[in-house]
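The data block below is data-v1.txt; it holds compact mmCIF, C-alpha atoms.
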# COMPACT_ATOMS: atom_id res chain seq x y z
CA MET A 1 33.60 -32.83 29.04
CA SER A 2 30.07 -32.80 27.74
CA GLY A 3 29.29 -29.97 30.17
CA THR A 4 32.22 -28.02 28.77
CA ASP A 5 31.02 -28.62 25.24
CA GLY A 6 27.53 -27.48 26.20
CA SER A 7 28.74 -24.26 27.77
CA ALA A 8 30.95 -23.56 24.75
CA ALA A 9 28.03 -24.08 22.38
CA GLU A 10 25.69 -21.81 24.35
CA PRO A 11 27.06 -18.52 22.90
CA LEU A 12 26.71 -20.00 19.42
CA ARG A 13 23.07 -20.94 20.04
CA ARG A 14 22.35 -17.49 21.41
CA GLY A 15 23.99 -15.90 18.38
CA VAL A 16 21.91 -18.02 15.99
CA ALA A 17 18.71 -17.21 17.90
CA ALA A 18 19.52 -13.48 17.89
CA GLY A 19 20.26 -13.59 14.17
CA LYS A 20 16.98 -15.39 13.46
CA LYS A 21 15.05 -12.86 15.56
CA ASP A 22 16.68 -9.98 13.69
CA GLN A 23 15.90 -11.64 10.36
CA ASP A 24 12.25 -12.11 11.36
CA ALA A 25 11.99 -8.46 12.38
CA ARG A 26 13.49 -7.34 9.08
CA THR A 27 11.05 -9.54 7.18
CA VAL A 28 8.07 -8.05 9.04
CA MET A 29 9.43 -4.55 8.46
CA ARG A 30 9.74 -5.14 4.74
CA LEU A 31 6.27 -6.66 4.50
CA ARG A 32 4.82 -3.63 6.29
CA LEU A 33 6.75 -1.30 4.02
CA GLY A 34 5.60 -3.20 0.93
CA VAL A 35 1.95 -2.87 1.95
CA GLY A 36 2.45 0.81 2.78
CA VAL A 37 4.19 1.68 -0.48
CA ILE A 38 1.49 -0.01 -2.56
CA GLY A 39 -1.24 1.79 -0.61
CA VAL A 40 0.43 5.18 -1.01
CA LEU A 41 1.47 4.93 -4.67
CA LEU A 42 -1.38 3.00 -6.30
CA PRO A 43 -4.18 5.65 -6.26
CA PRO A 44 -2.18 8.42 -8.01
CA ALA A 45 -0.35 5.93 -10.25
CA LEU A 46 -3.54 4.94 -12.09
CA PRO A 47 -4.56 8.38 -13.47
CA ALA A 48 -0.91 9.36 -13.96
CA GLY A 49 -0.25 6.22 -15.98
CA ASN A 50 -3.40 6.74 -18.05
CA TRP A 51 -2.42 10.34 -18.79
CA ILE A 52 1.10 9.32 -19.86
CA ALA A 53 -0.28 6.57 -22.10
CA ALA A 54 -2.75 9.01 -23.65
CA ARG A 55 -0.05 11.58 -24.38
CA LEU A 56 2.13 8.93 -25.98
CA ASP A 57 -0.82 7.98 -28.22
CA GLY A 58 -1.40 11.61 -29.16
CA ARG A 59 -4.56 11.99 -27.07
CA THR A 60 -5.31 14.81 -24.63
CA GLY A 61 -5.60 12.58 -21.58
CA GLU A 62 -8.94 14.03 -20.51
CA ASP A 63 -10.22 10.51 -19.83
CA ALA A 64 -7.27 9.62 -17.58
CA TRP A 65 -9.44 9.43 -14.47
CA PRO A 66 -11.51 6.22 -14.18
CA GLY A 67 -14.85 6.41 -12.40
CA SER A 68 -13.41 4.24 -9.64
CA MET A 69 -10.12 2.55 -8.92
CA SER A 70 -11.68 -0.70 -10.13
CA GLY A 71 -12.55 1.04 -13.40
CA ALA A 72 -8.81 1.13 -14.14
CA TYR A 73 -9.27 -2.44 -15.39
CA TYR A 74 -10.59 -0.94 -18.65
CA THR A 75 -7.83 1.66 -19.01
CA SER A 76 -4.14 1.64 -19.92
CA THR A 77 -3.17 0.95 -16.30
CA ARG A 78 -5.01 -2.36 -15.99
CA ASP A 79 -1.77 -4.29 -15.45
CA ILE A 80 -0.64 -1.84 -12.75
CA PHE A 81 -3.97 -2.17 -10.95
CA VAL A 82 -4.13 -5.97 -11.10
CA GLY A 83 -0.42 -6.44 -10.31
CA ALA A 84 -0.48 -4.08 -7.34
CA LEU A 85 -3.57 -5.75 -5.85
CA CYS A 86 -2.06 -9.22 -6.31
CA ALA A 87 1.15 -8.09 -4.58
CA LEU A 88 -0.87 -6.47 -1.80
CA GLY A 89 -2.89 -9.66 -1.38
CA ILE A 90 0.21 -11.84 -1.09
CA PHE A 91 1.85 -9.45 1.38
CA LEU A 92 -1.23 -9.46 3.60
CA ILE A 93 -1.64 -13.23 3.45
CA VAL A 94 1.97 -14.00 4.43
CA TYR A 95 2.10 -11.26 7.10
CA ARG A 96 2.17 -12.68 10.64
CA TYR A 97 1.73 -10.88 13.96
CA ASN A 98 -0.66 -12.75 16.25
CA ARG A 99 -3.41 -15.27 15.54
CA PHE A 100 -6.29 -12.82 15.22
CA ASN A 101 -4.33 -10.42 13.01
CA ASP A 102 -3.17 -13.39 10.93
CA ILE A 103 -6.82 -14.21 10.23
CA LEU A 104 -7.65 -10.60 9.35
CA GLY A 105 -4.57 -10.29 7.13
CA THR A 106 -5.42 -13.51 5.30
CA ALA A 107 -9.03 -12.36 4.81
CA ALA A 108 -7.93 -8.94 3.53
CA GLY A 109 -5.32 -10.51 1.24
CA THR A 110 -7.84 -12.97 -0.19
CA CYS A 111 -10.27 -10.11 -0.86
CA ALA A 112 -7.51 -8.12 -2.60
CA LEU A 113 -6.86 -11.07 -4.91
CA GLY A 114 -10.61 -11.35 -5.51
CA VAL A 115 -10.85 -7.66 -6.48
CA ALA A 116 -7.96 -8.15 -8.92
CA LEU A 117 -9.21 -11.37 -10.50
CA PHE A 118 -12.94 -10.54 -10.70
CA PRO A 119 -13.16 -7.25 -12.64
CA THR A 120 -16.00 -4.80 -12.31
CA ALA A 121 -18.42 -4.37 -15.21
CA PRO A 122 -17.42 -1.87 -17.92
CA GLY A 123 -19.01 1.55 -17.98
CA SER A 124 -21.47 0.47 -20.66
CA GLY A 125 -22.83 -2.22 -18.36
CA GLY A 126 -21.42 -5.27 -20.13
CA ASP A 127 -23.09 -8.59 -20.86
CA ALA A 128 -24.69 -10.99 -18.41
CA GLY A 129 -21.40 -12.74 -17.66
CA GLN A 130 -19.62 -9.48 -16.90
CA GLN A 131 -22.47 -8.38 -14.67
CA THR A 132 -22.26 -11.62 -12.69
CA VAL A 133 -18.51 -11.29 -12.27
CA SER A 134 -19.03 -7.67 -11.23
CA VAL A 135 -21.23 -8.79 -8.33
CA PHE A 136 -18.34 -10.86 -6.97
CA HIS A 137 -16.07 -7.88 -7.50
CA GLN A 138 -18.30 -5.58 -5.46
CA VAL A 139 -18.51 -8.11 -2.63
CA PHE A 140 -14.72 -8.51 -2.56
CA ALA A 141 -14.19 -4.72 -2.74
CA VAL A 142 -16.48 -3.96 0.21
CA ALA A 143 -15.01 -6.87 2.19
CA LEU A 144 -11.47 -5.65 1.45
CA LEU A 145 -12.11 -2.13 2.71
CA THR A 146 -13.92 -3.49 5.78
CA ALA A 147 -11.06 -5.88 6.53
CA MET A 148 -8.55 -3.05 6.08
CA ALA A 149 -10.44 -0.90 8.59
CA ALA A 150 -10.78 -3.79 11.05
CA PHE A 151 -7.10 -4.64 10.68
CA CYS A 152 -6.07 -1.07 11.56
CA LEU A 153 -8.48 -0.83 14.49
CA PHE A 154 -7.35 -4.11 16.02
CA MET A 155 -3.67 -3.28 15.47
CA TYR A 156 -4.35 -0.19 17.60
CA GLY A 157 -4.61 -2.43 20.65
CA ALA A 158 -2.24 -5.21 19.60
CA PRO A 159 0.46 -6.37 22.08
CA GLY A 160 3.79 -4.66 21.43
CA ILE A 161 2.08 -1.73 19.71
CA LYS A 162 -0.33 -0.86 22.49
CA GLU A 163 2.49 0.67 24.55
CA ARG A 164 3.73 2.93 21.72
CA SER A 165 1.29 5.75 21.00
CA TYR A 166 3.27 7.06 18.04
CA VAL A 167 2.63 3.74 16.26
CA ARG A 168 -0.88 2.90 17.43
CA ARG A 169 -2.50 6.29 16.79
CA PRO A 170 -1.97 6.18 13.00
CA TYR A 171 -3.67 2.77 12.98
CA LEU A 172 -6.66 4.15 14.89
CA VAL A 173 -6.93 7.21 12.63
CA ALA A 174 -6.61 5.07 9.50
CA GLY A 175 -9.31 2.61 10.63
CA VAL A 176 -11.78 5.37 11.45
CA LEU A 177 -11.08 7.26 8.22
CA ILE A 178 -11.60 4.15 6.08
CA LEU A 179 -15.03 3.59 7.64
CA VAL A 180 -15.93 7.28 7.15
CA PHE A 181 -14.86 7.25 3.50
CA MET A 182 -16.79 4.03 2.89
CA ALA A 183 -19.94 5.68 4.26
CA LEU A 184 -19.39 8.78 2.11
CA ALA A 185 -18.89 6.64 -1.00
CA ALA A 186 -22.13 4.77 -0.27
CA VAL A 187 -24.04 8.05 0.13
CA ALA A 188 -22.59 9.40 -3.12
CA ALA A 189 -23.54 6.19 -4.95
CA VAL A 190 -27.13 6.30 -3.69
CA THR A 191 -27.62 10.02 -4.41
CA GLU A 192 -25.57 9.92 -7.67
CA VAL A 193 -23.79 13.09 -6.58
CA GLY A 194 -20.65 13.81 -8.56
CA ASP A 195 -21.15 11.17 -11.25
CA ASP A 196 -20.21 13.79 -13.87
CA TRP A 197 -17.19 15.12 -11.98
CA LEU A 198 -13.68 14.62 -13.35
CA ILE A 199 -12.74 12.91 -10.07
CA THR A 200 -15.82 11.08 -8.86
CA PRO A 201 -16.62 10.89 -5.13
CA LEU A 202 -16.21 7.10 -5.34
CA TYR A 203 -12.66 7.37 -6.67
CA LEU A 204 -11.79 10.08 -4.16
CA CYS A 205 -13.12 8.04 -1.23
CA GLU A 206 -11.31 4.92 -2.43
CA TRP A 207 -8.12 6.95 -2.88
CA LEU A 208 -8.27 8.38 0.65
CA SER A 209 -9.15 4.98 2.16
CA VAL A 210 -6.20 3.25 0.52
CA TRP A 211 -3.94 6.16 1.43
CA SER A 212 -5.00 5.95 5.08
CA PHE A 213 -4.16 2.25 5.11
CA GLY A 214 -0.87 2.77 3.27
CA PHE A 215 0.40 5.60 5.45
CA ALA A 216 -0.43 3.69 8.65
CA TRP A 217 1.56 0.68 7.46
CA THR A 218 4.44 2.83 6.24
CA GLY A 219 4.64 4.48 9.66
CA ALA A 220 4.58 1.08 11.37
CA ALA A 221 7.39 -0.14 9.10
CA LEU A 222 9.56 2.90 9.89
CA SER A 223 8.93 2.55 13.63
CA LEU A 224 10.01 -1.09 13.48
CA ALA A 225 13.07 -0.09 11.45
CA ALA A 226 14.00 2.32 14.24
CA ASP A 227 13.46 -0.38 16.88
CA ILE A 228 15.86 -2.82 15.19
CA ASP A 229 18.38 -0.10 14.30
CA ARG A 230 17.67 -0.20 10.56
CA LEU A 231 16.36 3.32 10.14
CA SER A 232 19.83 4.83 10.09
CA ARG A 233 20.76 2.60 7.16
CA THR A 234 17.59 3.59 5.34
CA ARG A 235 18.43 7.25 5.87
CA ALA A 236 21.94 6.62 4.56
CA VAL A 237 20.61 5.00 1.37
CA VAL A 238 18.08 7.80 0.82
CA GLY A 239 20.78 10.40 1.46
CA ALA A 240 23.10 8.71 -1.04
CA VAL A 241 20.36 8.64 -3.72
CA LEU A 242 19.50 12.30 -3.12
CA GLY A 243 23.18 13.22 -3.27
CA TRP A 244 23.54 11.38 -6.57
CA LEU A 245 20.49 13.17 -7.99
CA ARG A 246 21.85 16.55 -6.87
CA SER A 247 25.22 15.82 -8.47
CA LEU A 248 23.48 14.65 -11.64
CA GLY A 249 21.47 17.87 -11.71
CA GLY A 250 24.66 19.87 -11.29
CA VAL A 251 26.34 18.06 -14.19
CA LEU A 252 23.32 18.61 -16.44
CA GLY A 253 23.17 22.25 -15.42
CA ARG A 254 26.83 22.79 -16.32
CA GLY A 255 26.26 21.04 -19.63
CA ARG A 256 23.39 23.37 -20.51
CA ALA A 257 25.46 26.38 -19.46
CA ARG A 258 28.30 25.33 -21.79
CA SER A 259 25.83 24.83 -24.65
CA ARG A 260 24.45 28.35 -24.22
CA ALA A 261 27.96 29.77 -24.05
CA ALA A 262 28.92 28.00 -27.25
CA VAL A 263 25.85 29.38 -29.02
Turn this file's structure into structure tokens for me.
Amino acid sequence: MSGTDGSAAEPLRRGVAAGKKDQDARTVMRLRLGVGVIGVLLPPALPAGNWIAARLDGRTGEDAWPGSMSGAYYTSTRDIFVGALCALGIFLIVYRYNRFNDILGTAAGTCALGVALFPTAPGSGGDAGQQTVSVFHQVFAVALLTAMAAFCLFMYGAPGIKERSYVRRPYLVAGVLILVFMALAAVAAVTEVGDDWLITPLYLCEWLSVWSFGFAWTGAALSLAADIDRLSRTRAVVGAVLGWLRSLGGVLGRGRARSRAAV
């Protein structure tokens, strides 16, 4: 009888295990997507938010571009910058793939929190305390970009990804680009080229580095969504939102047409 009970319970155990595996895959997919979305949206969100805040205050918005992404701490988008980095740090710390990538993710996440919590010095230089804090900020910033590059390069050869070129190549490209942009930013800082530009070379290099990281993770999230048969649902949701926006636009357009006819 116990053997019968065991055989009857086996399908249940398999169902629970399959459900747990699917849940784990969905969690990893969402973590990857969260990292990717932050990486893609954060760089343009800072100047855009500063420009909107300036226009609301009646200013021209000419100072919307900070000298670096870290310089956003002294602009209207400070909360966006700090909040996004804290979220990125938590995502990277809790992300799990294999032991080595766990270590890299934890290191990168810790550095992201350090960049958020230890602000750079203001443009005027600041006092002695701000200068000291700024040193920690610079160390965390360089370590974060280095860890991001290393993470991408090692994910290029990670088990499970190594066999899928459409997933691993974006990681390789992102890792190489981050290192290239870091070198260009260092050269610009030493030569002081572009310090008077509207978009400084430092901000541009940081932007492109974070974008490289974000797009690689977004691609990895979408590939995993396809593997676990979640991409079709994502497409359905996006299609529904786009359909709603098109219908809303049509309603607004008819409303404007009636207003003109009445006039």
#### Entry: For A:Ser209, the nearest of the candidates A:Pro43, A:Gly83, A:Gly34, A:Gly89, counting all atoms listed in the file
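Closest to A:Ser209 of all the choices is A:Pro43.
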Quiz item: Excluding same-chain residues fewer than 5 positions from stretch 96-106 of chain A, what lies within 8 Å of it counting all atoms listed in the file, as a VMD selection string?
Solution: chain A and resid 28 147 150 to 151 154 to 155
Residues from the last selection, C-alpha atoms, saved as a PDB file, in the frame of the given file:
ATOM      1  CA  VAL A  28       8.070  -8.050   9.040  1.00  0.00           C
ATOM      2  CA  ALA A 147     -11.060  -5.880   6.530  1.00  0.00           C
ATOM      3  CA  ALA A 150     -10.780  -3.790  11.050  1.00  0.00           C
ATOM      4  CA  PHE A 151      -7.100  -4.640  10.680  1.00  0.00           C
ATOM      5  CA  PHE A 154      -7.350  -4.110  16.020  1.00  0.00           C
ATOM      6  CA  MET A 155      -3.670  -3.280  15.470  1.00  0.00           C
TER       7      MET A 155
END
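Between atom CA of A:Gly49 and atom CA of A:Ala183 there is a distance of 28.2 Å.
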Could you list, with a cut-off of 12 Å and counting all atoms listed in the file, the residues of stretch 79-128 of chain A near stretch 214-217 of chain A, each shown with its nearest atom pair and the distance in Å rounded to one decimal, rows sorted by chain and ascending number, as a Markdown table?
| residue | atom | partner | partner_atom | distance |
| --- | --- | --- | --- | --- |
| A:Leu88 | CA | A:Gly214 | CA | 10.5 |
| A:Phe91 | CA | A:Trp217 | CA | 11.8 |
| A:Leu92 | CA | A:Trp217 | CA | 11.2 |
| A:Tyr95 | CA | A:Trp217 | CA | 12.0 |
Worksheet entry | Point-to-point distance in Å for atom CA of A:Arg169 and atom CA of A:Leu113 |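 Result for atom CA of A:Leu113 versus atom CA of A:Arg169: 28.1 Å, one decimal.
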